[in-house]
Amino acid sequence: MAKATTPKDFESALAELEKIVAQMESGKLGLEDSLTAYERGATLLNYCREAISRAEQQVQVLENGVLKPFLTDSDE
């Protein structure tokens, strides 16, 4: 099953979470493996939420507390 280590970054946490979801959706995991996968998935989800929250806080600091809409090249 998945390693119980802290992910190295957001992208690796998200990739592992997607893999866990696919395994669980396959219906091939036994009860114990499903519980272990669910627990790891919850841990990874929390890690991702915290990473997003930290990124949002950094953006607010960079924008002096005023969030501005993100413009793409087609919006300009």
# chains A, B, ... in the order shown; residues from 1 in each chain; ligands from 1
call {"tool": "residues_around", "arguments": {"residues": "Gly41 (chain A)", "least_positions_apart": "3", "cutoff": "8 Å", "atoms": "only C-alpha atoms", "output": "number ranges by chain"}}
result
A: 17, 20-21, 37-38, 44-45
call {"tool": "select_by_dssp", "arguments": {"residues": "region 3-34 of chain A", "states": "helix (DSSP H, G or I)", "output": "MDAnalysis selection string"}}
result
chainID A and resid 10:26 31:34
call {"tool": "residues_around", "arguments": {"residues": "Pro7 (chain A)", "least_positions_apart": "2", "cutoff": "12 Å", "atoms": "only C-alpha atoms", "output": "ChimeraX atom specification"}}
result
/A:2-5,9-17,40-41,43-48,51
call {"tool": "atom_distance", "arguments": {"atom1": "CA of Met24 (chain A)", "atom2": "CA of Arg54 (chain A)"}}
result
28.9 Å
call {"tool": "atom_distance", "arguments": {"atom1": "CA of Gln58 (chain A)", "atom2": "CA of Ser74 (chain A)"}}
result
25.5 Å
call {"tool": "atom_distance", "arguments": {"atom1": "CA of Ala22 (chain A)", "atom2": "CA of Ser34 (chain A)"}}
result
11.6 Å
